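Just my_file27.pdb here, PDB, C-alpha atoms:
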```pdb
ATOM      1  CA  MET A   1      -8.575 -19.823  -3.068
ATOM      2  CA  ALA A   2      -9.138 -20.746   0.590
ATOM      3  CA  VAL A   3      -9.555 -17.358   2.254
ATOM      4  CA  SER A   4     -11.724 -16.068   5.053
ATOM      5  CA  VAL A   5     -12.545 -12.777   6.715
ATOM      6  CA  HIS A   6     -11.512 -14.431   9.978
ATOM      7  CA  SER A   7      -7.975 -14.990   8.656
ATOM      8  CA  PHE A   8      -7.776 -11.353   7.551
ATOM      9  CA  THR A   9      -9.046 -10.058  10.903
ATOM     10  CA  ARG A  10      -6.596 -12.214  12.807
ATOM     11  CA  ALA A  11      -3.713 -10.972  10.660
ATOM     12  CA  LEU A  12      -4.691  -7.357  11.351
ATOM     13  CA  THR A  13      -4.703  -7.926  15.108
ATOM     14  CA  ALA A  14      -1.410  -9.900  15.118
ATOM     15  CA  PRO A  15       0.527  -8.734  12.008
ATOM     16  CA  ASP A  16       3.912  -9.944  13.287
ATOM     17  CA  LEU A  17       2.594 -13.508  13.253
ATOM     18  CA  TRP A  18       0.463 -13.636  10.127
ATOM     19  CA  LEU A  19       1.785 -10.963   7.734
ATOM     20  CA  ARG A  20       4.986 -11.368   5.791
ATOM     21  CA  ARG A  21       6.282  -7.795   5.466
ATOM     22  CA  LEU A  22       3.835  -5.355   7.100
ATOM     23  CA  HIS A  23       5.035  -5.853  10.634
ATOM     24  CA  GLY A  24       4.382  -2.969  12.985
ATOM     25  CA  ILE A  25       1.116  -1.845  11.375
ATOM     26  CA  THR A  26      -1.782  -0.630  13.471
ATOM     27  CA  VAL A  27      -5.376  -0.967  12.331
ATOM     28  CA  GLU A  28      -8.278   1.423  12.855
ATOM     29  CA  VAL A  29     -10.899  -0.216  15.071
ATOM     30  CA  THR A  30     -14.582   0.099  15.936
ATOM     31  CA  ASP A  31     -15.993   1.040  19.350
ATOM     32  CA  THR A  32     -15.809  -2.648  20.270
ATOM     33  CA  GLY A  33     -12.066  -2.735  19.633
ATOM     34  CA  LEU A  34     -12.316  -4.966  16.551
ATOM     35  CA  PRO A  35     -10.802  -3.975  13.185
ATOM     36  CA  ALA A  36     -13.148  -1.679  11.233
ATOM     37  CA  LEU A  37     -13.740  -3.719   8.083
ATOM     38  CA  HIS A  38     -15.230  -2.559   4.791
ATOM     39  CA  ARG A  39     -16.618  -5.479   2.803
ATOM     40  CA  THR A  40     -17.905  -5.912  -0.749
ATOM     41  CA  THR A  41     -18.820  -9.054  -2.665
ATOM     42  CA  GLU A  42     -15.258  -9.633  -3.837
ATOM     43  CA  PHE A  43     -13.034  -7.853  -1.247
ATOM     44  CA  VAL A  44     -12.631  -6.959   2.398
ATOM     45  CA  ASP A  45     -10.363  -4.109   3.512
ATOM     46  CA  ALA A  46      -9.303  -2.105   6.552
ATOM     47  CA  VAL A  47      -7.490   1.156   7.179
ATOM     48  CA  VAL A  48      -4.013   0.596   8.596
ATOM     49  CA  HIS A  49      -1.174   2.887   9.663
ATOM     50  CA  TYR A  50       2.308   1.946   8.480
ATOM     51  CA  ARG A  51       5.485   4.018   8.829
ATOM     52  CA  GLY A  52       3.507   7.130   9.640
ATOM     53  CA  GLU A  53       1.192   6.863   6.603
ATOM     54  CA  ARG A  54      -2.433   5.778   6.236
ATOM     55  CA  TYR A  55      -3.286   2.911   3.854
ATOM     56  CA  LEU A  56      -6.097   0.649   2.759
ATOM     57  CA  LEU A  57      -5.136  -3.005   3.084
ATOM     58  CA  ALA A  58      -7.466  -5.233   1.051
ATOM     59  CA  MET A  59      -7.859  -8.991   0.643
ATOM     60  CA  PRO A  60      -9.708 -10.665  -2.265
ATOM     61  CA  LEU A  61     -12.467 -13.077  -1.345
ATOM     62  CA  SER A  62     -12.452 -14.929  -4.674
ATOM     63  CA  ARG A  63     -10.151 -15.794  -7.549
ATOM     64  CA  GLU A  64     -12.319 -13.745  -9.881
ATOM     65  CA  GLY A  65     -11.944 -10.660  -7.711
ATOM     66  CA  MET A  66      -8.164 -10.959  -7.644
ATOM     67  CA  PHE A  67      -7.985 -11.631 -11.374
ATOM     68  CA  HIS A  68      -9.967  -8.474 -12.127
ATOM     69  CA  ALA A  69      -7.880  -6.412  -9.701
ATOM     70  CA  GLU A  70      -4.592  -7.625 -11.222
ATOM     71  CA  HIS A  71      -5.814  -6.797 -14.721
ATOM     72  CA  THR A  72      -6.916  -3.303 -13.712
ATOM     73  CA  LEU A  73      -3.921  -2.455 -11.558
ATOM     74  CA  SER A  74      -1.405  -3.563 -14.195
ATOM     75  CA  ALA A  75      -2.963  -1.031 -16.589
ATOM     76  CA  LEU A  76      -3.171   1.630 -13.876
ATOM     77  CA  ASP A  77       0.616   2.055 -13.889
ATOM     78  CA  ARG A  78       0.506   3.468 -17.395
ATOM     79  CA  LEU A  79      -2.181   6.107 -16.841
ATOM     80  CA  LYS A  80      -0.129   8.631 -14.814
ATOM     81  CA  CYS A  81      -3.347  10.312 -13.679
ATOM     82  CA  PRO A  82      -2.645  12.822 -10.848
ATOM     83  CA  SER A  83      -5.955  11.991  -9.148
ATOM     84  CA  LEU A  84      -5.166   8.279  -8.775
ATOM     85  CA  THR A  85      -2.959   6.802  -6.091
ATOM     86  CA  SER A  86      -0.386   4.087  -6.604
ATOM     87  CA  VAL A  87      -1.549   0.580  -5.706
ATOM     88  CA  ARG A  88       0.679  -2.344  -4.816
ATOM     89  CA  ILE A  89      -0.049  -6.058  -4.805
ATOM     90  CA  LEU A  90       1.803  -7.768  -1.948
ATOM     91  CA  ARG A  91       2.402 -11.331  -3.091
ATOM     92  CA  GLY A  92       1.914 -13.976  -0.440
ATOM     93  CA  GLU A  93       1.582 -11.329   2.294
ATOM     94  CA  LEU A  94      -0.919 -13.178   4.530
ATOM     95  CA  THR A  95      -0.401 -16.681   5.880
ATOM     96  CA  ASP A  96      -3.426 -18.619   7.142
ATOM     97  CA  GLU A  97      -3.545 -21.284   9.836
ATOM     98  CA  GLU A  98      -2.812 -24.014   7.273
ATOM     99  CA  GLY A  99       0.274 -22.249   5.953
ATOM    100  CA  ASN A 100      -1.339 -21.056   2.717
ATOM    101  CA  ARG A 101      -0.260 -17.643   1.464
ATOM    102  CA  GLN A 102      -2.666 -14.981   0.219
ATOM    103  CA  ASP A 103      -1.962 -11.863  -1.865
ATOM    104  CA  LEU A 104      -3.064  -8.528  -0.397
ATOM    105  CA  ILE A 105      -3.505  -5.087  -1.964
ATOM    106  CA  LEU A 106      -2.016  -1.949  -0.394
ATOM    107  CA  GLN A 107      -3.216   1.532  -1.392
ATOM    108  CA  PRO A 108      -2.523   4.967   0.143
ATOM    109  CA  CYS A 109      -5.535   6.476   1.914
ATOM    110  CA  PRO A 110      -4.697  10.207   2.008
ATOM    111  CA  GLY A 111      -6.314  13.215   3.603
ATOM    112  CA  CYS A 112      -9.769  13.187   5.184
ATOM    113  CA  SER A 113     -13.196  11.828   4.337
ATOM    114  CA  PHE A 114     -15.638  13.305   1.822
ATOM    115  CA  GLU A 115     -17.908  14.571   4.622
ATOM    116  CA  GLU A 116     -15.012  16.064   6.579
ATOM    117  CA  ALA A 117     -13.953  18.002   3.486
ATOM    118  CA  ALA A 118     -17.074  20.151   3.841
ATOM    119  CA  THR A 119     -15.793  21.424   7.207
ATOM    120  CA  HIS A 120     -12.426  22.430   5.744
ATOM    121  CA  ALA A 121     -13.100  23.895   2.297
ATOM    122  CA  LEU A 122     -15.494  26.214   0.500
ATOM    123  CA  LYS A 123     -18.344  24.464  -1.255
ATOM    124  CA  ALA A 124     -17.381  26.100  -4.559
ATOM    125  CA  GLU A 125     -13.857  24.706  -4.178
ATOM    126  CA  LEU A 126     -15.174  21.199  -3.565
ATOM    127  CA  GLN A 127     -17.583  21.398  -6.502
ATOM    128  CA  LYS A 128     -14.739  22.512  -8.766
ATOM    129  CA  ALA A 129     -12.582  19.666  -7.438
ATOM    130  CA  LEU A 130     -15.301  17.174  -8.397
ATOM    131  CA  ASP A 131     -15.398  18.657 -11.908
ATOM    132  CA  THR A 132     -11.610  18.331 -12.159
ATOM    133  CA  LEU A 133     -11.685  14.730 -10.957
ATOM    134  CA  GLN A 134     -14.359  13.803 -13.489
ATOM    135  CA  GLU A 135     -12.390  15.406 -16.325
ATOM    136  CA  GLU A 136      -9.122  13.716 -15.331
ATOM    137  CA  LEU A 137     -10.684  10.253 -15.020
ATOM    138  CA  GLN A 138     -12.400  10.632 -18.404
ATOM    139  CA  ARG A 139      -9.169  11.788 -20.003
ATOM    140  CA  ALA A 140      -7.320   8.798 -18.540
ATOM    141  CA  GLY A 141     -10.060   6.368 -19.604
ATOM    142  CA  PHE A 142     -10.541   5.242 -15.993
ATOM    143  CA  VAL A 143     -14.051   4.224 -14.895
ATOM    144  CA  HIS A 144     -14.261   3.650 -11.134
ATOM    145  CA  ARG A 145     -17.769   2.088 -11.194
ATOM    146  CA  ASN A 146     -18.296   2.563  -7.447
ATOM    147  CA  LEU A 147     -18.014   6.290  -6.760
ATOM    148  CA  LYS A 148     -19.609   7.235  -3.449
ATOM    149  CA  PRO A 149     -18.551   9.308  -0.422
ATOM    150  CA  SER A 150     -16.877   6.380   1.353
ATOM    151  CA  ASN A 151     -14.635   5.832  -1.695
ATOM    152  CA  ILE A 152     -13.489   9.457  -1.982
ATOM    153  CA  ARG A 153     -10.790  11.272   0.029
ATOM    154  CA  TRP A 154      -9.962  15.004   0.220
ATOM    155  CA  ASP A 155      -6.259  15.939   0.445
ATOM    156  CA  GLY A 156      -6.767  19.657   0.944
ATOM    157  CA  HIS A 157      -6.483  20.423  -2.764
ATOM    158  CA  ARG A 158      -8.207  17.673  -4.722
ATOM    159  CA  PHE A 159     -10.468  14.656  -4.402
ATOM    160  CA  ILE A 160      -8.696  11.280  -4.536
ATOM    161  CA  PRO A 161     -10.763   8.151  -5.288
ATOM    162  CA  ILE A 162      -9.817   4.927  -3.519
ATOM    163  CA  ARG A 163     -10.764   1.238  -3.893
ATOM    164  CA  TYR A 164     -10.093   0.475  -7.568
ATOM    165  CA  GLN A 165     -10.981  -3.245  -7.470
ATOM    166  CA  ASP A 166     -14.146  -2.764  -9.558
ATOM    167  CA  ALA A 167     -12.626  -0.235 -11.963
ATOM    168  CA  VAL A 168     -12.329  -0.592 -15.735
ATOM    169  CA  ILE A 169      -9.613   0.926 -17.902
ATOM    170  CA  GLY A 170     -10.884   2.197 -21.240
ATOM    171  CA  GLY A 171     -14.556   1.747 -20.345
ATOM    172  CA  ASP A 172     -17.495   3.972 -21.131
ATOM    173  CA  PRO A 173     -16.924   7.320 -19.308
ATOM    174  CA  SER A 174     -20.664   7.579 -18.702
ATOM    175  CA  GLY A 175     -20.276   4.659 -16.289
ATOM    176  CA  ASP A 176     -19.289   7.117 -13.521
ATOM    177  CA  ARG A 177     -21.810   9.833 -14.417
ATOM    178  CA  LYS A 178     -24.377   8.650 -11.884
ATOM    179  CA  GLY A 179     -21.695   8.425  -9.195
ATOM    180  CA  PHE A 180     -20.597  12.007  -9.767
ATOM    181  CA  ASP A 181     -24.216  13.173  -9.722
ATOM    182  CA  LEU A 182     -24.686  11.512  -6.336
ATOM    183  CA  LEU A 183     -21.467  13.078  -4.992
ATOM    184  CA  ARG A 184     -22.603  16.545  -6.082
ATOM    185  CA  ALA A 185     -25.990  15.976  -4.483
ATOM    186  CA  ARG A 186     -24.257  14.926  -1.259
ATOM    187  CA  LEU A 187     -22.235  18.154  -1.287
ATOM    188  CA  ASP A 188     -25.470  20.130  -1.534
ATOM    189  CA  GLU A 189     -26.889  18.203   1.424
ATOM    190  CA  LEU A 190     -23.854  18.954   3.581
ATOM    191  CA  GLY A 191     -24.482  22.685   3.107
ATOM    192  CA  GLY A 192     -22.515  25.638   4.429
ATOM    193  CA  ASP A 193     -19.441  27.467   3.150
ATOM    194  CA  PHE A 194     -16.275  27.086   5.159
ATOM    195  CA  VAL A 195     -12.823  28.612   5.168
ATOM    196  CA  SER A 196     -10.170  26.210   3.989
ATOM    197  CA  ASP A 197      -7.877  25.397   6.908
ATOM    198  CA  PHE A 198      -6.985  21.780   6.172
ATOM    199  CA  ASP A 199      -3.279  21.368   5.592
ATOM    200  CA  ALA A 200      -2.466  17.733   4.899
ATOM    201  CA  PRO A 201      -1.567  17.623   1.193
ATOM    202  CA  TYR A 202      -1.517  14.293  -0.540
ATOM    203  CA  ASN A 203       2.008  13.367  -1.534
ATOM    204  CA  PRO A 204       1.629  11.517  -4.837
ATOM    205  CA  ALA A 205       4.224   9.271  -6.367
ATOM    206  CA  PRO A 206       6.986  11.238  -8.122
ATOM    207  CA  ASP A 207       6.402  11.935 -11.801
ATOM    208  CA  LEU A 208       9.048   9.502 -12.977
ATOM    209  CA  LYS A 209       8.526   8.282 -16.520
ATOM    210  CA  GLY A 210       9.363   4.971 -18.128
ATOM    211  CA  HIS A 211       8.500   2.547 -15.309
ATOM    212  CA  LEU A 212       5.702   0.026 -14.853
ATOM    213  CA  TRP A 213       5.170   1.210 -11.270
ATOM    214  CA  VAL A 214       6.519   4.083  -9.162
ATOM    215  CA  GLY A 215       6.405   4.109  -5.368
ATOM    216  CA  HIS A 216       6.963   6.904  -2.874
ATOM    217  CA  THR A 217      10.326   8.522  -2.149
ATOM    218  CA  PHE A 218      12.146   7.673   1.066
ATOM    219  CA  GLU A 219      15.633   8.924   1.905
ATOM    220  CA  GLY A 220      16.070  10.292  -1.619
ATOM    221  CA  LEU A 221      15.410   6.965  -3.334
ATOM    222  CA  THR A 222      12.218   5.864  -5.058
ATOM    223  CA  CYS A 223      11.313   2.210  -5.464
ATOM    224  CA  VAL A 224      10.252   1.450  -9.060
ATOM    225  CA  ARG A 225       9.204  -1.627 -10.990
ATOM    226  CA  ASP A 226      10.442  -2.292 -14.524
ATOM    227  CA  LYS A 227      10.155  -5.363 -16.715
ATOM    228  CA  GLU A 228      13.389  -6.634 -15.144
ATOM    229  CA  GLY A 229      11.983  -6.337 -11.620
ATOM    230  CA  TYR A 230      12.088  -3.863  -8.717
ATOM    231  CA  GLY A 231      14.894  -1.350  -8.199
ATOM    232  CA  TYR A 232      15.590   2.238  -7.079
ATOM    233  CA  VAL A 233      16.088   5.592  -8.808
ATOM    234  CA  ASP A 234      17.031   9.079  -7.572
ATOM    235  CA  ASP A 235      14.993  12.279  -7.966
ATOM    236  CA  ARG A 236      16.360  12.720 -11.507
ATOM    237  CA  ASN A 237      15.080   9.270 -12.459
ATOM    238  CA  GLN A 238      18.638   7.947 -12.702
ATOM    239  CA  PRO A 239      19.120   4.296 -11.662
ATOM    240  CA  VAL A 240      20.875   3.946  -8.321
ATOM    241  CA  ILE A 241      20.200   0.259  -7.714
ATOM    242  CA  PRO A 242      19.284  -1.653 -10.912
ATOM    243  CA  SER A 243      15.830  -3.195 -11.255
ATOM    244  CA  GLN A 244      16.564  -6.828 -10.478
ATOM    245  CA  TYR A 245      14.471  -7.912  -7.505
ATOM    246  CA  LEU A 246      11.301  -9.972  -7.312
ATOM    247  CA  TRP A 247      10.065  -7.494  -4.676
ATOM    248  CA  ALA A 248      11.566  -4.511  -2.849
ATOM    249  CA  ASP A 249      10.523  -2.372   0.104
ATOM    250  CA  ASP A 250      11.161   1.335   0.739
ATOM    251  CA  PHE A 251      14.389   2.462   2.407
ATOM    252  CA  ALA A 252      14.430   3.189   6.137
ATOM    253  CA  GLU A 253      17.567   4.262   8.004
ATOM    254  CA  GLY A 254      19.720   3.318   5.018
ATOM    255  CA  ARG A 255      18.408  -0.227   4.702
ATOM    256  CA  ALA A 256      15.808  -1.885   2.454
ATOM    257  CA  VAL A 257      14.367  -5.394   2.482
ATOM    258  CA  VAL A 258      14.429  -7.012  -0.976
ATOM    259  CA  GLU A 259      13.524 -10.403  -2.369
ATOM    260  CA  ARG A 260      14.830 -12.747  -5.047
ATOM    261  CA  THR A 261      13.629 -16.212  -5.978
ATOM    262  CA  THR A 262      16.104 -17.522  -3.387
ATOM    263  CA  GLY A 263      14.463 -15.591  -0.557
ATOM    264  CA  MET A 264      14.425 -12.254   1.262
ATOM    265  CA  GLY A 265      17.453 -10.236   2.347
ATOM    266  CA  VAL A 266      18.666  -6.694   3.039
ATOM    267  CA  ILE A 267      20.683  -4.154   1.011
ATOM    268  CA  ASP A 268      22.148  -0.726   1.762
ATOM    269  CA  ARG A 269      21.787   2.470  -0.299
ATOM    270  CA  GLU A 270      24.566   1.371  -2.660
ATOM    271  CA  GLY A 271      22.914  -1.976  -3.287
ATOM    272  CA  ARG A 272      25.447  -3.890  -1.222
ATOM    273  CA  CYS A 273      24.142  -7.018   0.457
ATOM    274  CA  ILE A 274      23.780  -6.706   4.240
ATOM    275  CA  LEU A 275      21.815  -9.920   4.703
ATOM    276  CA  PRO A 276      21.875 -12.571   1.954
ATOM    277  CA  MET A 277      18.618 -13.223   0.086
ATOM    278  CA  MET A 278      17.941 -16.622   1.603
ATOM    279  CA  TYR A 279      15.310 -16.088   4.304
ATOM    280  CA  ASP A 280      11.555 -16.717   4.343
ATOM    281  CA  ILE A 281      10.828 -13.462   6.193
ATOM    282  CA  VAL A 282      12.927 -10.409   7.020
ATOM    283  CA  ASP A 283      11.338  -7.922   9.417
ATOM    284  CA  TYR A 284      13.275  -4.679   9.937
ATOM    285  CA  HIS A 285      12.822  -2.572  13.083
ATOM    286  CA  PRO A 286      14.589   0.704  12.152
ATOM    287  CA  GLU A 287      13.875   2.276  15.533
ATOM    288  CA  GLU A 288      16.053  -0.460  17.102
ATOM    289  CA  SER A 289      18.311  -1.133  14.066
ATOM    290  CA  ILE A 290      17.460  -4.838  14.353
ATOM    291  CA  PHE A 291      16.418  -7.394  11.747
ATOM    292  CA  GLU A 292      14.239 -10.342  12.682
ATOM    293  CA  VAL A 293      14.543 -13.149  10.143
ATOM    294  CA  ARG A 294      12.805 -16.469   9.732
ATOM    295  CA  ARG A 295      14.332 -19.579   8.197
ATOM    296  CA  GLY A 296      11.887 -22.445   8.163
ATOM    297  CA  ASP A 297      10.231 -22.469  11.584
ATOM    298  CA  LEU A 298      13.160 -20.773  13.350
ATOM    299  CA  TRP A 299      13.859 -17.093  14.016
ATOM    300  CA  ALA A 300      17.015 -15.080  14.690
ATOM    301  CA  GLU A 301      18.004 -11.443  15.127
ATOM    302  CA  PHE A 302      20.752  -9.519  13.291
ATOM    303  CA  ASP A 303      22.128  -6.042  13.921
ATOM    304  CA  TYR A 304      22.325  -3.084  11.518
ATOM    305  CA  THR A 305      25.565  -4.374   9.953
ATOM    306  CA  GLY A 306      24.222  -7.899   9.427
ATOM    307  CA  GLN A 307      25.966  -9.491  12.400
ATOM    308  CA  PRO A 308      23.966 -12.135  14.331
ATOM    309  CA  LEU A 309      22.581 -11.166  17.715
ATOM    310  CA  THR A 310      20.889 -14.495  18.437
ATOM    311  CA  GLU A 311      21.044 -18.043  17.183
ATOM    312  CA  PHE A 312      18.144 -19.499  15.193
ATOM    313  CA  ALA A 313      15.509 -20.808  17.588
ATOM    314  CA  PRO A 314      11.726 -20.947  17.982
ATOM    315  CA  ARG A 315      10.349 -17.441  18.159
ATOM    316  CA  GLY A 316      10.658 -15.943  21.620
ATOM    317  CA  GLN A 317      13.737 -17.975  22.572
ATOM    318  CA  LYS A 318      17.073 -16.126  22.536
ATOM    319  CA  THR A 319      20.432 -17.725  23.103
ATOM    320  CA  LEU A 320      22.908 -14.896  22.410
ATOM    321  CA  ASN A 321      23.301 -11.497  24.105
ATOM    322  CA  GLU A 322      20.431 -12.116  26.503
TER     323      GLU A 322
END
```
Could I get this file's structure written as structure tokens?
Amino acid sequence: MAVSVHSFTRALTAPDLWLRRLHGITVEVTDTGLPALHRTTEFVDAVVHYRGERYLLAMPLSREGMFHAEHTLSALDRLKCPSLTSVRILRGELTDEEGNRQDLILQPCPGCSFEEAATHALKAELQKALDTLQEELQRAGFVHRNLKPSNIRWDGHRFIPIRYQDAVIGGDPSGDRKGFDLLRARLDELGGDFVSDFDAPYNPAPDLKGHLWVGHTFEGLTCVRDKEGYGYVDDRNQPVIPSQYLWADDFAEGRAVVERTTGMGVIDREGRCILPMMYDIVDYHPEESIFEVRRGDLWAEFDYTGQPLTEFAPRGQKTLNE
């Protein structure tokens, strides 16, 4: 696994060039203007904003780290624990300077920080929320193994742990006891009782049963993963577009980018093909109703209906409708 923090940083600063699907993201930066990175032995991550939501985007730094994350996250789908967010592995999302592709991990990062929670909620409410979180994780058999303030978010109603790369499913529940003790001690240090005025509730994945993975709902359709692949269901959990894709994105303005073994393409809300699944990259700009697609080393633009706006050419060169 040839990966580097430099490749990750470069992708965050120029996502349209180095990321496969997450075009248009913005990354939170330090005072120096560089991406604010959080690094452990096995992973590096950053907070990014994508389609109006806040996420953690993480990259493994070793094969062992990715192997452990895949094992844990595959089991996470079955837990249905309300205090855990959905996590998605983006296959081949990052491309390095040699053309190698690297998997990334995308996880919602809701609400505000652990410290900020003390300025928005009563201490008794926060202490009770920690008790609830501990009970729910124990009931689910989920051991985080790295509980600390920087890995906890407050959504206005509950604490949400993030960064599951070190977690164990079915481990000894006492493994998080020390972490919870430290979190409670930190609450005592923060001091003060405050009136709750924070109104940014975490919007968890819908409670849709019978799927390996459930995403968030956009335009009345929820992306799900079953053993047959990715597809879409409505709010009654009825299939709208059968699970058949190697990968699928959320709907935006009535269009969704999907992928088969033949390549990436675009479908509408009825599952009809707008762009055939034959491209290396499909980047949708819903605000302009334009698709940018890559085939080999050449790029072209298509309109909302799938009609070409430009011929295929090196990126930046347009030959139609200029």
request  = Could you give me, as JSON, numbers by chain, the residues within 6 Å of Gly271 of chain A, counting only C-alpha atoms and dropping anything in the same chain fewer than 3 positions from it?
outcome  = {"A": [241, 267, 268]}
Restricted to C-alpha atoms, what would the selected residues look like written as a short mmCIF file (atom, residue, chain, number, x, y, z; two decimals), keeping the file's coordinate frame?
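After the write, part-v6.cif holds the following:
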```
data_model
loop_
_atom_site.label_atom_id
_atom_site.label_comp_id
_atom_site.auth_asym_id
_atom_site.auth_seq_id
_atom_site.Cartn_x
_atom_site.Cartn_y
_atom_site.Cartn_z
CA ILE A 241 20.20 0.26 -7.71
CA ILE A 267 20.68 -4.15 1.01
CA ASP A 268 22.15 -0.73 1.76
#
```
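Going from atom CA of Gly179 of chain A over to atom CA of Asn151 of chain A, you cover 10.6 Å.
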ask   = Taking (-8.9, 0.3, -12.7) in the file's coordinates as the center, which residues reach within 10 Å of it, counting only C-alpha atoms, put as a ChimeraX atom specification?
value = /A:68-77,79,84,141-145,163-171
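When the PyMOL selection byres ((chain A and resi 20) around 9) is run on the displayed coordinates, the residues it returns are A:Pro15, A:Asp16, A:Leu17, A:Trp18, A:Leu19, A:Arg21, A:Leu22, A:His23, A:Gly92, A:Glu93, A:Leu94, A:Thr95, A:Asp280, A:Ile281, A:Val282, A:Asp283.
Of the residues listed (A:Pro35, A:Pro276, A:Gly263, A:Pro308), A:Pro35 shows the shortest atom-to-atom separation from Leu12 of chain A; distances use all atoms listed in the file.
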task = Starting from the shown file, work through the PyMOL selection byres ((chain A and resi 244) around 9) and note down what comes out as a PyMOL selection string.
result = chain A and resi 226+228-231+241-243+245-247+260
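The shortest atom-to-atom distance to Pro286 of chain A, with only C-alpha atoms taken into account, belongs to A:Asp250 out of A:Asp131, A:Asp250, A:Glu311, A:Glu125.
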ask   = Any idea what's packed within 10 Å of segment 107-111 of chain A, counting only C-alpha atoms, ignoring anything in its chain fewer than 3 positions away? Could you give it as an MDAnalysis selection string?
value = chainID A and resid 47:49 53:58 84:89 114 116:117 151:164 198:204
Taking (-22.4, 7.4, -4.4) in the file's coordinates, which residues come within 10 Å, counting only C-alpha atoms, written as an mmCIF file with C-alpha atoms, in the coordinates of the input?
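Result file out26.cif:
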```cif
data_model
loop_
_atom_site.group_PDB
_atom_site.id
_atom_site.type_symbol
_atom_site.label_atom_id
_atom_site.label_comp_id
_atom_site.auth_asym_id
_atom_site.auth_seq_id
_atom_site.Cartn_x
_atom_site.Cartn_y
_atom_site.Cartn_z
ATOM 1 C CA ARG A 145 -17.769 2.088 -11.194
ATOM 2 C CA ASN A 146 -18.296 2.563 -7.447
ATOM 3 C CA LEU A 147 -18.014 6.290 -6.760
ATOM 4 C CA LYS A 148 -19.609 7.235 -3.449
ATOM 5 C CA PRO A 149 -18.551 9.308 -0.422
ATOM 6 C CA SER A 150 -16.877 6.380 1.353
ATOM 7 C CA ASN A 151 -14.635 5.832 -1.695
ATOM 8 C CA ILE A 152 -13.489 9.457 -1.982
ATOM 9 C CA ASP A 176 -19.289 7.117 -13.521
ATOM 10 C CA LYS A 178 -24.377 8.650 -11.884
ATOM 11 C CA GLY A 179 -21.695 8.425 -9.195
ATOM 12 C CA PHE A 180 -20.597 12.007 -9.767
ATOM 13 C CA ASP A 181 -24.216 13.173 -9.722
ATOM 14 C CA LEU A 182 -24.686 11.512 -6.336
ATOM 15 C CA LEU A 183 -21.467 13.078 -4.992
ATOM 16 C CA ARG A 184 -22.603 16.545 -6.082
ATOM 17 C CA ALA A 185 -25.990 15.976 -4.483
ATOM 18 C CA ARG A 186 -24.257 14.926 -1.259
#
```
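Taking atom CA of Leu104 of chain A and atom CA of Arg91 of chain A as the two end points, the separation is 6.7 Å.
Once the PyMOL selection byres ((chain A and resi 272) around 12) is applied to this file, the selection holds A:Val240, A:Ile241, A:Pro242, A:Gly254, A:Arg255, A:Ala256, A:Val257, A:Val258, A:Gly265, A:Val266, A:Ile267, A:Asp268, A:Arg269, A:Glu270, A:Gly271, A:Cys273, A:Ile274, A:Leu275, A:Pro276, A:Met277, A:Thr305, A:Gly306.
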